[in-house]
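> Structure supplied as protein33.pdb; contents: PDB, C-alpha atoms.
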ATOM      1  CA  MET A   1     -65.057-166.202-181.162
ATOM      2  CA  ILE A   2     -61.573-166.503-179.612
ATOM      3  CA  ALA A   3     -59.177-169.444-179.435
ATOM      4  CA  GLU A   4     -57.658-170.854-176.267
ATOM      5  CA  HIS A   5     -54.259-172.315-177.136
ATOM      6  CA  THR A   6     -52.845-174.563-174.450
ATOM      7  CA  VAL A   7     -49.663-176.609-174.736
ATOM      8  CA  PHE A   8     -49.414-179.565-172.367
ATOM      9  CA  THR A   9     -46.069-181.253-171.683
ATOM     10  CA  ILE A  10     -46.845-184.725-170.424
ATOM     11  CA  THR A  11     -44.716-187.049-168.289
ATOM     12  CA  PRO A  12     -43.032-189.313-170.872
ATOM     13  CA  GLY A  13     -44.762-192.690-170.900
ATOM     14  CA  SER A  14     -48.120-191.221-169.819
ATOM     15  CA  GLU A  15     -49.239-190.159-173.293
ATOM     16  CA  SER A  16     -51.925-192.790-173.797
ATOM     17  CA  ASP A  17     -53.258-192.260-170.239
ATOM     18  CA  PHE A  18     -53.374-188.512-170.934
ATOM     19  CA  GLU A  19     -55.230-189.073-174.217
ATOM     20  CA  ARG A  20     -57.816-191.238-172.465
ATOM     21  CA  ALA A  21     -58.194-188.614-169.720
ATOM     22  CA  MET A  22     -58.680-185.913-172.371
ATOM     23  CA  ASP A  23     -61.383-187.987-174.108
ATOM     24  CA  HIS A  24     -63.305-187.820-170.850
ATOM     25  CA  ALA A  25     -62.312-184.205-170.068
ATOM     26  CA  ALA A  26     -63.578-183.044-173.473
ATOM     27  CA  THR A  27     -67.102-184.188-172.647
ATOM     28  CA  ILE A  28     -66.940-181.993-169.518
ATOM     29  CA  ILE A  29     -65.441-178.934-171.260
ATOM     30  CA  ALA A  30     -68.137-179.243-173.942
ATOM     31  CA  ARG A  31     -70.792-178.553-171.267
ATOM     32  CA  ALA A  32     -69.284-175.145-170.396
ATOM     33  CA  HIS A  33     -70.996-171.860-171.232
ATOM     34  CA  GLY A  34     -69.557-170.317-174.382
ATOM     35  CA  PHE A  35     -67.838-173.493-175.585
ATOM     36  CA  ILE A  36     -67.755-173.788-179.389
ATOM     37  CA  SER A  37     -65.255-176.492-180.347
ATOM     38  CA  LEU A  38     -62.120-178.310-179.235
ATOM     39  CA  ARG A  39     -59.310-180.294-180.745
ATOM     40  CA  LEU A  40     -56.218-182.010-179.405
ATOM     41  CA  GLN A  41     -53.104-182.628-181.493
ATOM     42  CA  ARG A  42     -49.893-184.412-180.504
ATOM     43  CA  GLY A  43     -46.486-182.889-181.234
ATOM     44  CA  ILE A  44     -44.340-184.486-183.923
ATOM     45  CA  GLU A  45     -40.899-183.072-183.006
ATOM     46  CA  GLN A  46     -41.820-183.210-179.289
ATOM     47  CA  PRO A  47     -44.162-186.215-178.912
ATOM     48  CA  SER A  48     -44.748-185.589-175.198
ATOM     49  CA  THR A  49     -46.415-182.267-176.007
ATOM     50  CA  TYR A  50     -50.029-181.784-176.984
ATOM     51  CA  LEU A  51     -51.716-178.706-178.396
ATOM     52  CA  LEU A  52     -55.268-178.124-177.204
ATOM     53  CA  LEU A  53     -57.196-175.572-179.267
ATOM     54  CA  VAL A  54     -60.565-174.595-177.827
ATOM     55  CA  GLU A  55     -62.885-172.074-179.447
ATOM     56  CA  TRP A  56     -64.880-170.044-176.945
ATOM     57  CA  GLU A  57     -67.335-167.193-177.438
ATOM     58  CA  THR A  58     -65.158-164.869-175.269
ATOM     59  CA  VAL A  59     -61.951-164.968-173.186
ATOM     60  CA  ASP A  60     -64.109-164.580-170.057
ATOM     61  CA  ASP A  61     -66.101-167.695-170.952
ATOM     62  CA  HIS A  62     -62.812-169.568-170.595
ATOM     63  CA  MET A  63     -60.975-167.656-167.877
ATOM     64  CA  VAL A  64     -63.864-166.677-165.622
ATOM     65  CA  SER A  65     -67.015-168.778-166.198
ATOM     66  CA  PHE A  66     -65.193-172.041-166.882
ATOM     67  CA  ARG A  67     -62.109-171.615-164.664
ATOM     68  CA  GLU A  68     -64.229-170.746-161.652
ATOM     69  CA  SER A  69     -66.691-173.592-162.208
ATOM     70  CA  GLU A  70     -66.864-177.108-160.838
ATOM     71  CA  LEU A  71     -66.363-178.333-164.415
ATOM     72  CA  PHE A  72     -62.779-177.023-164.360
ATOM     73  CA  SER A  73     -62.026-178.862-161.098
ATOM     74  CA  GLU A  74     -63.335-182.076-162.660
ATOM     75  CA  VAL A  75     -61.143-181.585-165.733
ATOM     76  CA  LEU A  76     -58.032-180.821-163.661
ATOM     77  CA  ALA A  77     -58.548-183.910-161.507
ATOM     78  CA  LEU A  78     -58.522-186.023-164.682
ATOM     79  CA  ILE A  79     -55.564-184.539-166.519
ATOM     80  CA  ARG A  80     -53.229-182.990-163.897
ATOM     81  CA  PRO A  81     -51.700-186.351-162.835
ATOM     82  CA  HIS A  82     -50.103-186.558-166.297
ATOM     83  CA  PHE A  83     -48.537-183.069-166.420
ATOM     84  CA  GLY A  84     -44.748-183.066-166.756
ATOM     85  CA  SER A  85     -44.698-179.258-166.400
ATOM     86  CA  PRO A  86     -47.366-176.551-166.036
ATOM     87  CA  PRO A  87     -49.521-176.019-169.158
ATOM     88  CA  GLN A  88     -48.845-172.853-171.172
ATOM     89  CA  VAL A  89     -52.076-170.979-171.942
ATOM     90  CA  GLU A  90     -52.548-168.128-174.432
ATOM     91  CA  HIS A  91     -55.501-166.707-176.334
ATOM     92  CA  PHE A  92     -55.770-165.693-179.964
ATOM     93  CA  GLN A  93     -58.330-163.603-181.803
ATOM     94  CA  ALA A  94     -60.620-165.079-184.454
ATOM     95  CA  PRO A  95     -58.678-165.658-187.688
ATOM     96  CA  SER A  96     -57.867-162.447-189.560
ATOM     97  CA  LEU A  97     -57.095-164.603-192.593
ATOM     98  CA  SER A  98     -58.094-168.110-193.604
ATOM     99  CA  CYS A  99     -58.045-170.017-196.863
ATOM    100  CA  GLN A 100     -58.400-173.549-198.149
ATOM    101  CA  ALA A 101     -57.023-175.400-201.149
ATOM    102  CA  SER A 102     -59.453-175.451-204.036
ATOM    103  CA  ARG A 103     -59.803-179.063-205.103
ATOM    104  CA  GLU A 104     -60.317-179.441-208.822
TER     105      GLU A 104
ATOM    106  CA  MET B   1     -52.820-184.451-192.587
ATOM    107  CA  ILE B   2     -50.408-182.652-190.250
ATOM    108  CA  ALA B   3     -50.472-179.093-188.873
ATOM    109  CA  GLU B   4     -47.663-176.590-189.170
ATOM    110  CA  HIS B   5     -47.797-174.306-186.142
ATOM    111  CA  THR B   6     -45.708-171.167-186.511
ATOM    112  CA  VAL B   7     -45.611-168.299-184.043
ATOM    113  CA  PHE B   8     -44.454-164.966-185.470
ATOM    114  CA  THR B   9     -43.306-162.147-183.197
ATOM    115  CA  ILE B  10     -43.632-158.943-185.182
ATOM    116  CA  THR B  11     -41.855-155.623-184.717
ATOM    117  CA  PRO B  12     -44.345-153.568-182.657
ATOM    118  CA  GLY B  13     -46.092-151.079-184.943
ATOM    119  CA  SER B  14     -45.731-153.312-188.021
ATOM    120  CA  GLU B  15     -48.805-155.443-187.324
ATOM    121  CA  SER B  16     -51.024-154.071-190.081
ATOM    122  CA  ASP B  17     -48.151-154.201-192.599
ATOM    123  CA  PHE B  18     -47.531-157.811-191.567
ATOM    124  CA  GLU B  19     -51.229-158.672-191.964
ATOM    125  CA  ARG B  20     -51.265-157.172-195.462
ATOM    126  CA  ALA B  21     -48.084-159.082-196.353
ATOM    127  CA  MET B  22     -49.661-162.308-195.061
ATOM    128  CA  ASP B  23     -52.786-161.716-197.183
ATOM    129  CA  HIS B  24     -50.497-161.797-200.205
ATOM    130  CA  ALA B  25     -48.254-164.582-198.844
ATOM    131  CA  ALA B  26     -51.277-166.842-198.275
ATOM    132  CA  THR B  27     -52.104-166.801-201.990
ATOM    133  CA  ILE B  28     -48.547-168.049-202.651
ATOM    134  CA  ILE B  29     -48.548-170.725-199.913
ATOM    135  CA  ALA B  30     -51.899-171.960-201.254
ATOM    136  CA  ARG B  31     -50.188-172.892-204.541
ATOM    137  CA  ALA B  32     -47.757-175.294-202.815
ATOM    138  CA  HIS B  33     -47.950-179.072-203.233
ATOM    139  CA  GLY B  34     -49.734-180.709-200.310
ATOM    140  CA  PHE B  35     -51.307-177.486-199.007
ATOM    141  CA  ILE B  36     -54.735-178.040-197.425
ATOM    142  CA  SER B  37     -55.662-174.935-195.436
ATOM    143  CA  LEU B  38     -54.264-171.962-193.549
ATOM    144  CA  ARG B  39     -55.336-169.541-190.878
ATOM    145  CA  LEU B  40     -53.715-166.623-189.096
ATOM    146  CA  GLN B  41     -54.737-165.465-185.614
ATOM    147  CA  ARG B  42     -53.409-162.542-183.598
ATOM    148  CA  GLY B  43     -52.414-162.941-179.956
ATOM    149  CA  ILE B  44     -54.617-161.345-177.302
ATOM    150  CA  GLU B  45     -52.190-161.269-174.336
ATOM    151  CA  GLN B  46     -49.267-160.614-176.719
ATOM    152  CA  PRO B  47     -50.736-158.580-179.617
ATOM    153  CA  SER B  48     -47.447-158.510-181.539
ATOM    154  CA  THR B  49     -47.579-162.304-181.930
ATOM    155  CA  TYR B  50     -49.477-164.195-184.608
ATOM    156  CA  LEU B  51     -50.230-167.896-184.806
ATOM    157  CA  LEU B  52     -50.160-169.362-188.307
ATOM    158  CA  LEU B  53     -51.752-172.800-188.567
ATOM    159  CA  VAL B  54     -51.259-174.514-191.911
ATOM    160  CA  GLU B  55     -52.593-177.959-192.712
ATOM    161  CA  TRP B  56     -50.356-179.946-195.080
ATOM    162  CA  GLU B  57     -50.642-183.492-196.386
ATOM    163  CA  THR B  58     -47.216-184.384-194.854
ATOM    164  CA  VAL B  59     -44.359-182.743-192.907
ATOM    165  CA  ASP B  60     -42.179-183.120-196.028
ATOM    166  CA  ASP B  61     -44.681-181.153-198.116
ATOM    167  CA  HIS B  62     -43.911-178.252-195.778
ATOM    168  CA  MET B  63     -40.260-178.756-194.856
ATOM    169  CA  VAL B  64     -38.898-180.121-198.134
ATOM    170  CA  SER B  65     -41.161-179.404-201.131
ATOM    171  CA  PHE B  66     -42.267-175.954-199.972
ATOM    172  CA  ARG B  67     -39.157-174.789-198.079
ATOM    173  CA  GLU B  68     -36.893-175.640-201.017
ATOM    174  CA  SER B  69     -39.165-173.995-203.586
ATOM    175  CA  GLU B  70     -39.210-170.541-205.106
ATOM    176  CA  LEU B  71     -42.620-170.041-203.444
ATOM    177  CA  PHE B  72     -40.941-170.022-200.004
ATOM    178  CA  SER B  73     -38.441-167.352-201.120
ATOM    179  CA  GLU B  74     -41.332-165.200-202.344
ATOM    180  CA  VAL B  75     -43.162-165.601-199.023
ATOM    181  CA  LEU B  76     -40.046-164.779-196.973
ATOM    182  CA  ALA B  77     -39.367-161.652-199.015
ATOM    183  CA  LEU B  78     -42.875-160.421-198.156
ATOM    184  CA  ILE B  79     -43.007-161.176-194.447
ATOM    185  CA  ARG B  80     -39.406-161.209-193.150
ATOM    186  CA  PRO B  81     -39.110-157.394-192.987
ATOM    187  CA  HIS B  82     -41.718-157.449-190.194
ATOM    188  CA  PHE B  83     -40.113-160.131-187.979
ATOM    189  CA  GLY B  84     -39.169-158.929-184.503
ATOM    190  CA  SER B  85     -37.535-162.309-183.743
ATOM    191  CA  PRO B  86     -37.180-165.599-185.634
ATOM    192  CA  PRO B  87     -40.458-167.525-186.111
ATOM    193  CA  GLN B  88     -40.946-170.640-183.972
ATOM    194  CA  VAL B  89     -42.056-173.625-186.078
ATOM    195  CA  GLU B  90     -43.439-176.933-184.820
ATOM    196  CA  HIS B  91     -45.597-179.671-186.311
ATOM    197  CA  PHE B  92     -48.537-181.505-184.812
ATOM    198  CA  GLN B  93     -50.299-184.692-185.828
ATOM    199  CA  ALA B  94     -53.885-184.736-187.062
ATOM    200  CA  PRO B  95     -56.296-184.263-184.136
ATOM    201  CA  SER B  96     -56.583-187.343-181.924
ATOM    202  CA  LEU B  97     -59.722-185.786-180.474
ATOM    203  CA  SER B  98     -62.150-183.156-181.710
ATOM    204  CA  CYS B  99     -65.631-182.120-180.736
ATOM    205  CA  GLN B 100     -68.090-179.310-181.313
ATOM    206  CA  ALA B 101     -70.902-177.822-179.289
ATOM    207  CA  SER B 102     -74.281-179.224-180.232
ATOM    208  CA  ARG B 103     -76.547-176.265-180.892
ATOM    209  CA  GLU B 104     -80.138-176.925-179.896
TER     210      GLU B 104
END
Output the file's structure as structure tokens, nothing else.


Amino acid sequence: MIAEHTVFTITPGSESDFERAMDHAATIIARAHGFISLRLQRGIEQPSTYLLLVEWETVDDHMVSFRESELFSEVLALIRPHFGSPPQVEHFQAPSLSCQASRE
Amino acid sequence: MIAEHTVFTITPGSESDFERAMDHAATIIARAHGFISLRLQRGIEQPSTYLLLVEWETVDDHMVSFRESELFSEVLALIRPHFGSPPQVEHFQAPSLSCQASRE
């Protein structure tokens, strides 16, 4: 498992349109080979930014299989109209460390 | 719930020392008020970067209660020697969207 980490900076005022577009886009991304999970979180200090975290089986599942598929074109057509600047994409390894609060 | 999102850029060559320090630091962070969960992931394109995602009840639990506590000083003493540049900290709201692959 690896994590795609994409930060979107949205045209101010388009946030709710972008969120609706992502609701639809997520159903398309979820059909891709190697997709595991996805979540979208809005910035607090910078409310026109959104962090998209997608778990994929491998980097190639994201960058090759998905990016070269028709699914990616469908996703771009939905969300690109709301981009204020180009998305910043990086990948991270599976967690080397994770822990949760123990609730007593 | 909110997410602290901190990117650490580590002095090249210090990665395994940093990971060991974070193993210890995590046990300290986990004692803080409002702590929910934590994970650390190493960059793939930039292997001297690490993404720390910490879920807290509120931004103030992180920025006030924790940052002004002795726990934060203990954490800094462990991990600061490995910093190549100052950590970049942002906060994100709880996910507005999340989905998982359905496994058949």

> For the provided coordinates, the residues matched by the ChimeraX specification (/B :<7) & /A should be stated as a ChimeraX atom specification.

/A:23,30,35-45,90-101

> I'd like the residues picked by the PyMOL selection byres ((chain B and resi 80-88) around 8) written out as a VMD selection string, using the chain letters and numbers from the file.

chain B and resid 6 to 12 14 to 15 17 to 18 76 to 79 89 to 90

> What is the CA of Val75 (chain B) to CA of His62 (chain B) distance in Å?

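These two atoms are separated by 13.1 Å.
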
> I'd like the interatomic distance between CA of Leu71 (chain A) and CA of Ser48 (chain A), to a tenth of an Å.

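Distance between the two atoms: 25.2 Å.
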
> Padding of 8 Å on every side, edges along x, y and z, all listed atoms of region 80-84 of chain A included: what centre and edge lengths in Å, to one decimal, does that box have, as lines of an AutoDock Vina configuration file?


center_x = -49.0
center_y = -184.8
center_z = -164.8
size_x = 24.5
size_y = 19.6
size_z = 19.9

> Could you work out how far CA of Ser16 (chain A) lies from CA of Glu4 (chain A), giving the answer in Å with one decimal?

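Here the two named atoms are 22.8 Å from each other.
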